[in-house]
Every structure is written in structure tokens, then in C-alpha cells.
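These notes are about the structure you will find just below.
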Amino acid sequence: FAEASGLALTLARGAADAVVAANRSVRTLASESARTLPRLVRLGQINDHTRISLGRIIDEQADEAPNGEFLLFDGRVHTYQAVNRRIDNVVRGLIAVGVRQGTRVGVLMDTRPSALVAVAALSRLGAVAVLMPPDADLEAAARLGGVTDVITDPGNLAAASQLPVQTLVLGGGENRTLDLSEGSTVIDMEQIDPDTVELPGWYRPNPQFARDVAYVVFNAVGGGELVPKQITNYRWALSAFGTASAAALNRNDTVYCLTPLHNQAGLLVSLGGSVVAGSRIALSRGLCPERFIDEVRQYGVTVVTYTWSMLRDVIDAPDFEMSGNNPIRLFMGSGMPTGLWQRILDIFEPARIVEFFATSDGQAVLANVAGLKVGSEGRPLPGGGEVELGAYDADEDLILEDDRGFVRVAGREELGLLLARPWGPIDPTAAIKRGVFAPGDIWISTEYVFWRDGDGDFWLLGNRSGLIRTARGVVFPAPITDSIGAISAVDLAVTYPLEVPGGTLAVTAITLRPGMSVTVADLSDAVSRMPAGLPPDLVHVVDDLPLSASYRPTVSALKAAGLPKVGRNTWYLDTDTGKYKRLTAAARSALAKGRD
């Protein structure tokens, strides 16, 4: 009990600090505390044996406000009672096809009401939702996730039906038709009459405890092999309640959920924070500028969620104009490029941005609540669990210890490895460290390297395995991308390692905004403002940067293209002067052979 009370007090203090950091008035702090403290107190009472889950939270909201507006989609309003009934019906359908408590079921669906219902139904049944990225190796995801069944929608049916597991189709609207071949083993969940399904004796709604694994998501650092990460109900609740508090979400908010559920920020931040706050959730059939403006005004959207460069397609449209009333007060998500960040603030003023950083397993969540430092990941999220930076020598790839043999805490103006104190079951793939800061303590290494500035704010430097080891030393990709991406002429930027005969080079590729250009002075000024690390060996302009399903720039094609060609839009770092110069044939040849 003392531990739980201490957690609640810590969270409450963290929430208050976050609000003060955002320069809000005492009156605002008082009104927001009235909303946040009950959430934080409840969170402080959660232990391993507490029954808490997405399905249970929705059940509670339906009991408290059955006629309250929950989901908005296609111009229709769906109440908590209606959605809750739909969830129960899907549970019956899942039971009818053999899904039981603990079964791992893949979810391959677009962000629609049916996807949210599917994930909630699995939670209510006590099964595990394995959230499959549509642009990943689905067969590998199914194998690594231990999937026996996959729930999909008509739009993803072709891909799902290729998997060696039972395929279940859900959603698609009233007039949908499935083009199934004769003898197909695909099961149409919409054809199951829930009233004819007899509930078995073992079924209890919302049976999961906080310690139980609720979700499996996937991470692919550097575009490599998929790594499954388990998220317990406790970690989901920590992030959900913490998000609701940090963003001051309430029943008066309408959250425009554009974030895909297979992205950890979508699951932990967007969906989680909205559900626990009782906010209305507006879903869309797709991202396009016209629909964005229409639905924002139609639904009275106050909060917009995003991942990476998602909102770029909206504001870059030739006919985009957010004139007149702007109901949006907040954008929240993860990975927003620095240049886009500033443009969003300018266009949607006085709306602000709360940028989150969440590890795949949810063990560590950071939030830039104040929004004053563009590009910073902020500080540990109130409610996001205990995290710390262990001092780290990037050149030697070593965690540094003090005189007593414990890991030394990284101070301000110092880099370190982000460590998280686990609660509940630990993901089997996690890098577990024991006796870290005290005898017998247990921490998990997130494998992410951060810089803590003089104010205590965190800045991502990169994943430990993704740091670029060049002849000049270790290059941190994240601050390069952020700093160069903040140049007004730059649209998108990405930094990647490139293997050449002479070693490894750090290369940054950029796309330009229409009619704009970048100078060597722009580049030199940008890298001089990096919080830490060395500048890239090369910077070059490309026509386009491919994006993942989460709108994150990908680098596989850039790596395959090899060393950038000589041209007026390619620059190399002159190590003698520390300035950038236009790439010449001689300089390119020297780079290929390796720097001295």
C-alpha cells in the first residue's frame, strides 16, 4: 500500500510539474488537478492483482454514461452502450470460432471502429491482441507473435488470407461484399448470430489482471528483423492514465484518432488516453486534406493524434486552408519532424503539440508537455513509470559505473542509456539488468541513448544498435535529422549509415519544400545547434523519401543506391574546416576509400 501511495504522490507531483512547465495559470492548474488527481490516485492503487484492461475501462464508461458519445465515424455517433454491446457480440463470435482466454490473435486492420472493437473484444475475452504492421513481413509477425488466428477487415483480407492461420473477417460496413473463392476457409464474423452462441462456463468478462500480457507489438530497429514486444495491462494503464493527465483530456474533448493501432503510440497514447478520459473518439476513412478539414469541423475535434510525418500530407495540399474557426487545441503523437512541428504550430495557432516517446513494450514513456523545445522528447511521463539515464560511453559502447560498482546516473549535459524499472511480468526479449543503482534492484535497458540537457529535458540520440560508428567517431542519427530537418527549406530528413570500401559513413538525405533551396551555411548552422554528437559525412537532396505505414521515412532504398553522386545538391563535411562543401569527384573518391 505504501508503495502504491508513493507512486500516486510521485505521479501527482509529475503532473503538476508538467502543467507548470507549460506556463499555465494557478487557476488552470487547479482545474486540471481536479481531473488528473482522481486518475493518478486510481493508478497508484493498481497492483499485479488488480483487474484492469481496455475492455474493463470501456465497460465502466458504458455503466457511467451509457448514452454518452464514444465513437464518431462517417457522420454517425455511436454511444458507449452501443459500442459495448457490439464488443460483447464480437466476443460471442470469437468464442464460437474457438478463441479462448490467453489465445494470441493477430489484428490486421485499418484504424476504423471495427478495429477498436476487435481489440476491445479480445481484451474482454482475456485473449492477447497481436497488432500486426501491414507493411511488415506478416508471416514472420504471425510466427513471432504466436498467432493462431488473425482478425482482419475486407481491405486487408487478401494479405491476411495468405497466412497459415485461421482468418476471421470483421467490419467493412453494411453493404460490404467478400469475394471469397469456393471452399474458402475464411470465416465471416458478421455472419455469426451472437444470440445463438451459448457462453461456456469458463467465460468471465474482463478477466485479465494488471500483470497479464494484453498486447504484442513489433519493433524493427534500423529496418531489420521484427522483434515482438509484450505489453501488460499495467503498462497500458500507466501510459493511458499518464497521457490523459499530461494532455488534460476530458469528456469535453473530441480526439481525432488518425494513429494506426499497431504503432505503440497509437495503442498507448491515442487510444489509451482517450478511453480512460472518456473523450469522444473520431475515426476517419483515410487521411486527405479535404476530409481532415471537414471532419475536424463536423465533429468539433479538439485533439488530433499523429505519427511521424502524417500531417505533412494535410498541410502541404495546394488547396489546404484552415480559415475561420479552429477548434483544435492540441496535437499529440510521436515522431513529428522538427520542421513540420514548427509549421503545425504556425498554421494552427494557438494549438500546441505534446510529443510522446514510448518504447515498444511501454516500459518507458517520455512526454514533451510544455512544447517549448521543438524536437525534445521532454521528461518522464507522469504515470509512465520510473526511468533513469545510466551514464554511457558511446565510443566504447559501455555503461559506466561508479566507485562502488553500480551504474552511474548520467548528469545534466550528459548522455546516457535510458533504463526503465519494470512493473509486472517482464518481456522475455528485454535486456534485464540487476543490481544497477542499488543491491538487488531490477531495471530494463530500453537500448535508447539520450542526452539530458541543463534543464533536465531528454533528447533522443538514437538506438544503441543504430548509432553510426565512423572513422571520425560515433555519430548520433537523431539530432542530425532533427537539426537539419528544422531548416525552413527542408521538407523531410533522415540519417543513415552507408558502408563503403573504406568503412562506414554517416549520410543525411533531405527533400526540399517546393521552390526552396539549402545552402552550405544553412547546413553548418544547423549542425552547430545539435545538442550532442558529430555532424554527418554527407548531406544530399533526393526527390522523395519512402514512408512506412506509420509515415516514418525509410532508408533501405537509400542504402541500396550507394554513395551519392556528385552534384550541386550534395555536400560533404570538410574535416579540416568543419564546414560543408559541394561534393566533387575527388572528394567522393576519397570518401569511398575512407577518411584518414
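How things are named: the first chain in the C-alpha cells is A, the next is B, and so on; residues count from 1 in each chain; ligands count from 1 in the order shown.
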
Q.
I'd like the contact shell of Ala129 in chain A - 9 Å cut-off, only C-alpha atoms, skipping same-chain residues fewer than 5 positions apart - returned as a list in words.
A.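 So the residues in contact are Thr103, Arg104, Val105, Gly106, Val107, Ala118, Val119, Ala120, Leu122, Ser123, Ala214, Tyr215, Val216 and Val217 of chain A.
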
Set out as CSV a contact list for range 123-209 of chain A and range 285-289 of chain A with a cut-off of 12 Å, giving each residue of range 123-209 of chain A that qualifies its closest atom pair and distance in Å to one decimal, counting only C-alpha atoms, ordered by chain and rising residue number.
residue,atom,partner,partner_atom,distance
A:Gly155,CA,A:Arg285,CA,11.5
A:Gly172,CA,A:Arg285,CA,10.9
A:Gly173,CA,A:Arg285,CA,11.5

Q: Please provide the set of residues having any atom within 9 Å of Asn89 in chain A, restricted to only C-alpha atoms, with same-chain residues fewer than 5 positions apart removed, written as a ChimeraX atom specification.
A: /A:84,94,121,193-195

Please extract the residues of range 342-486 of chain A with a backbone DSSP assignment of alpha helix (DSSP H) and present them as a PDB file with N, CA and C atoms, in the first residue's frame.
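Once written, part.pdb looks like this:
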ATOM      1  N   GLN A 342       7.174  22.920 -36.363  1.00  0.00           N
ATOM      2  CA  GLN A 342       7.081  24.380 -36.344  1.00  0.00           C
ATOM      3  C   GLN A 342       5.987  24.883 -37.282  1.00  0.00           C
ATOM      4  N   ARG A 343       5.834  24.246 -38.426  1.00  0.00           N
ATOM      5  CA  ARG A 343       4.798  24.659 -39.374  1.00  0.00           C
ATOM      6  C   ARG A 343       3.400  24.410 -38.816  1.00  0.00           C
ATOM      7  N   ILE A 344       3.224  23.286 -38.111  1.00  0.00           N
ATOM      8  CA  ILE A 344       1.926  22.984 -37.489  1.00  0.00           C
ATOM      9  C   ILE A 344       1.587  24.052 -36.453  1.00  0.00           C
ATOM     10  N   LEU A 345       2.577  24.440 -35.646  1.00  0.00           N
ATOM     11  CA  LEU A 345       2.343  25.480 -34.640  1.00  0.00           C
ATOM     12  C   LEU A 345       1.939  26.796 -35.299  1.00  0.00           C
ATOM     13  N   ASP A 346       2.587  27.127 -36.405  1.00  0.00           N
ATOM     14  CA  ASP A 346       2.281  28.387 -37.091  1.00  0.00           C
ATOM     15  C   ASP A 346       0.877  28.373 -37.699  1.00  0.00           C
ATOM     16  N   ILE A 347       0.500  27.258 -38.308  1.00  0.00           N
ATOM     17  CA  ILE A 347      -0.778  27.180 -39.025  1.00  0.00           C
ATOM     18  C   ILE A 347      -1.960  27.093 -38.069  1.00  0.00           C
ATOM     19  N   PRO A 477      22.350   9.613 -35.039  1.00  0.00           N
ATOM     20  CA  PRO A 477      21.487   9.998 -36.169  1.00  0.00           C
ATOM     21  C   PRO A 477      20.344  10.942 -35.817  1.00  0.00           C
ATOM     22  N   ALA A 478      19.727  10.779 -34.649  1.00  0.00           N
ATOM     23  CA  ALA A 478      18.514  11.553 -34.339  1.00  0.00           C
ATOM     24  C   ALA A 478      18.752  13.064 -34.279  1.00  0.00           C
ATOM     25  N   PRO A 479      19.766  13.562 -33.545  1.00  0.00           N
ATOM     26  CA  PRO A 479      19.946  15.022 -33.503  1.00  0.00           C
ATOM     27  C   PRO A 479      20.327  15.627 -34.848  1.00  0.00           C
ATOM     28  N   ILE A 480      21.004  14.846 -35.696  1.00  0.00           N
ATOM     29  CA  ILE A 480      21.316  15.343 -37.042  1.00  0.00           C
ATOM     30  C   ILE A 480      20.027  15.545 -37.831  1.00  0.00           C
ATOM     31  N   THR A 481      19.197  14.513 -37.822  1.00  0.00           N
ATOM     32  CA  THR A 481      17.927  14.585 -38.546  1.00  0.00           C
ATOM     33  C   THR A 481      17.068  15.730 -38.030  1.00  0.00           C
ATOM     34  N   ASP A 482      17.022  15.894 -36.715  1.00  0.00           N
ATOM     35  CA  ASP A 482      16.211  16.965 -36.130  1.00  0.00           C
ATOM     36  C   ASP A 482      16.749  18.346 -36.494  1.00  0.00           C
ATOM     37  N   SER A 483      18.061  18.520 -36.407  1.00  0.00           N
ATOM     38  CA  SER A 483      18.649  19.840 -36.655  1.00  0.00           C
ATOM     39  C   SER A 483      18.565  20.234 -38.126  1.00  0.00           C
ATOM     40  N   ILE A 484      18.924  19.318 -39.011  1.00  0.00           N
ATOM     41  CA  ILE A 484      18.845  19.626 -40.442  1.00  0.00           C
ATOM     42  C   ILE A 484      17.386  19.707 -40.883  1.00  0.00           C
ATOM     43  N   GLY A 485      16.535  18.884 -40.285  1.00  0.00           N
ATOM     44  CA  GLY A 485      15.113  18.925 -40.612  1.00  0.00           C
ATOM     45  C   GLY A 485      14.443  20.219 -40.212  1.00  0.00           C
TER      46      GLY A 485
END

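Closest to Gly405 in chain A among A:Val507, A:Ala282, A:Val566, A:Val436 is A:Val436, based on only C-alpha atoms.
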
Q) Any idea what the distance is between CA of Pro66 in chain A and CA of Thr152 in chain A? A)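 Going from CA of Pro66 in chain A over to CA of Thr152 in chain A covers 28.0 Å.
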
Q: Would you work out the distance separating CA of Ala140 in chain A from CA of Ala431 in chain A, expressed in Å to one decimal?
A: 21.9 Å

For range 101-141 of chain A against range 223-235 of chain A, with a cut-off of 12 Å and counting only C-alpha atoms, what is the closest atom pair and its distance in Å to one decimal for every residue that makes the cut, ordered by chain and number, as a Markdown table?
| residue | atom | partner | partner_atom | distance |
| --- | --- | --- | --- | --- |
| A:Arg104 | CA | A:Gln230 | CA | 11.5 |
| A:Ser123 | CA | A:Asn233 | CA | 9.4 |
| A:Arg124 | CA | A:Asn233 | CA | 11.9 |
| A:Gly126 | CA | A:Asn233 | CA | 10.9 |
| A:Ala127 | CA | A:Asn233 | CA | 11.9 |
| A:Val128 | CA | A:Gln230 | CA | 9.6 |
| A:Ala129 | CA | A:Ile231 | CA | 9.9 |
| A:Val130 | CA | A:Gln230 | CA | 9.0 |
| A:Leu131 | CA | A:Pro228 | CA | 9.8 |
| A:Met132 | CA | A:Pro228 | CA | 10.0 |
| A:Pro133 | CA | A:Leu226 | CA | 10.2 |
| A:Asp135 | CA | A:Gly223 | CA | 11.4 |
| A:Ala136 | CA | A:Leu226 | CA | 8.0 |
| A:Asp137 | CA | A:Leu226 | CA | 8.0 |
| A:Leu138 | CA | A:Leu226 | CA | 9.9 |
| A:Glu139 | CA | A:Leu226 | CA | 10.8 |
| A:Ala140 | CA | A:Leu226 | CA | 7.5 |
| A:Ala141 | CA | A:Leu226 | CA | 7.0 |

Q: Excluding Val296 in chain A and residues on its chain fewer than 2 positions from it, collect all residues at most 10 Å away from it, counting only C-alpha atoms, and give them as a PyMOL selection string.
A: chain A and resi 254-256+282+291-294+298-304+326-328

Q: With a distance cut-off of 12 Å and only C-alpha atoms, select the neighbouring residues of Ser161 in chain A, excluding the residue or stretch itself and same-chain residues fewer than 6 positions from it, and output the selection as a PyMOL selection string.
A: chain A and resi 108+138-139+149-155+167-169+179-181+184-187

Q) Quick one: residues within 8 Å of Ser274 in chain A, only C-alpha atoms counted, chain neighbours fewer than 4 positions away excluded, as number ranges by chain? A) A: 240, 244, 249, 255, 269-270, 278-281

Q: Going by DSSP on the backbone, which bits of range 49-255 of chain A are strand (DSSP E or B)? Write them as a VMD selection string, please.
A: chain A and resid 51 69 to 73 76 to 79 104 to 108 128 to 131 149 to 152 166 to 169 187 to 188 209 213 to 219 227 to 232 254 to 255

Those same residues, written as a PDB file, in the first residue's frame with C-alpha atoms?
ATOM      1  CA  ARG A  51      -8.311  -6.339 -12.702  1.00  0.00           C
ATOM      2  CA  GLU A  69     -20.899   9.746 -27.256  1.00  0.00           C
ATOM      3  CA  PHE A  70     -17.984   7.353 -27.735  1.00  0.00           C
ATOM      4  CA  LEU A  71     -17.159   6.848 -31.430  1.00  0.00           C
ATOM      5  CA  LEU A  72     -17.765   9.239 -34.316  1.00  0.00           C
ATOM      6  CA  PHE A  73     -17.421   7.784 -37.805  1.00  0.00           C
ATOM      7  CA  ARG A  76     -22.605   8.874 -37.205  1.00  0.00           C
ATOM      8  CA  VAL A  77     -22.447   8.902 -33.426  1.00  0.00           C
ATOM      9  CA  HIS A  78     -22.007   5.598 -31.571  1.00  0.00           C
ATOM     10  CA  THR A  79     -22.770   5.645 -27.847  1.00  0.00           C
ATOM     11  CA  ARG A 104      -2.941 -14.964 -29.264  1.00  0.00           C
ATOM     12  CA  VAL A 105      -4.935 -13.413 -32.079  1.00  0.00           C
ATOM     13  CA  GLY A 106      -3.425 -11.243 -34.800  1.00  0.00           C
ATOM     14  CA  VAL A 107      -5.147  -7.966 -35.654  1.00  0.00           C
ATOM     15  CA  LEU A 108      -4.528  -6.716 -39.202  1.00  0.00           C
ATOM     16  CA  VAL A 128      -3.939 -11.338 -26.394  1.00  0.00           C
ATOM     17  CA  ALA A 129      -4.114  -8.899 -29.331  1.00  0.00           C
ATOM     18  CA  VAL A 130      -1.065  -9.233 -31.592  1.00  0.00           C
ATOM     19  CA  LEU A 131      -1.016  -5.956 -33.547  1.00  0.00           C
ATOM     20  CA  ASP A 149      -5.989 -16.714 -35.654  1.00  0.00           C
ATOM     21  CA  VAL A 150      -5.980 -13.338 -37.360  1.00  0.00           C
ATOM     22  CA  ILE A 151      -8.814 -10.800 -37.395  1.00  0.00           C
ATOM     23  CA  THR A 152      -8.832  -8.615 -40.477  1.00  0.00           C
ATOM     24  CA  GLN A 166      -7.444 -19.155 -39.279  1.00  0.00           C
ATOM     25  CA  THR A 167      -8.667 -15.913 -40.871  1.00  0.00           C
ATOM     26  CA  LEU A 168     -11.612 -14.008 -39.387  1.00  0.00           C
ATOM     27  CA  VAL A 169     -13.174 -11.033 -41.192  1.00  0.00           C
ATOM     28  CA  ILE A 187     -14.767 -17.037 -41.546  1.00  0.00           C
ATOM     29  CA  ASP A 188     -17.039 -14.018 -41.909  1.00  0.00           C
ATOM     30  CA  PHE A 209      -5.160  -8.717 -14.193  1.00  0.00           C
ATOM     31  CA  VAL A 213       0.067  -9.669 -21.157  1.00  0.00           C
ATOM     32  CA  ALA A 214      -2.596  -7.839 -23.155  1.00  0.00           C
ATOM     33  CA  TYR A 215      -0.833  -6.908 -26.396  1.00  0.00           C
ATOM     34  CA  VAL A 216       2.090  -7.841 -28.577  1.00  0.00           C
ATOM     35  CA  VAL A 217       3.550  -5.149 -30.837  1.00  0.00           C
ATOM     36  CA  PHE A 218       6.558  -5.267 -33.127  1.00  0.00           C
ATOM     37  CA  ASN A 219       9.726  -3.263 -33.395  1.00  0.00           C
ATOM     38  CA  VAL A 227      11.167  -8.122 -32.646  1.00  0.00           C
ATOM     39  CA  PRO A 228       7.944  -8.844 -30.714  1.00  0.00           C
ATOM     40  CA  LYS A 229       7.346  -6.809 -27.557  1.00  0.00           C
ATOM     41  CA  GLN A 230       4.800  -7.708 -24.902  1.00  0.00           C
ATOM     42  CA  ILE A 231       2.687  -5.041 -23.188  1.00  0.00           C
ATOM     43  CA  THR A 232       0.884  -5.836 -19.963  1.00  0.00           C
ATOM     44  CA  THR A 254     -13.092  15.004 -29.266  1.00  0.00           C
ATOM     45  CA  VAL A 255      -9.912  13.150 -30.211  1.00  0.00           C
TER      46      VAL A 255
END

(Q) Set the distance at 10 Å and use only C-alpha atoms: which residues neighbour range 199-204 of chain A once local chain neighbours fewer than 3 positions away are removed? I'd like the list as a ChimeraX atom specification. (A) /A:91-92,95-96,100-101,124-126,194-196,207-208
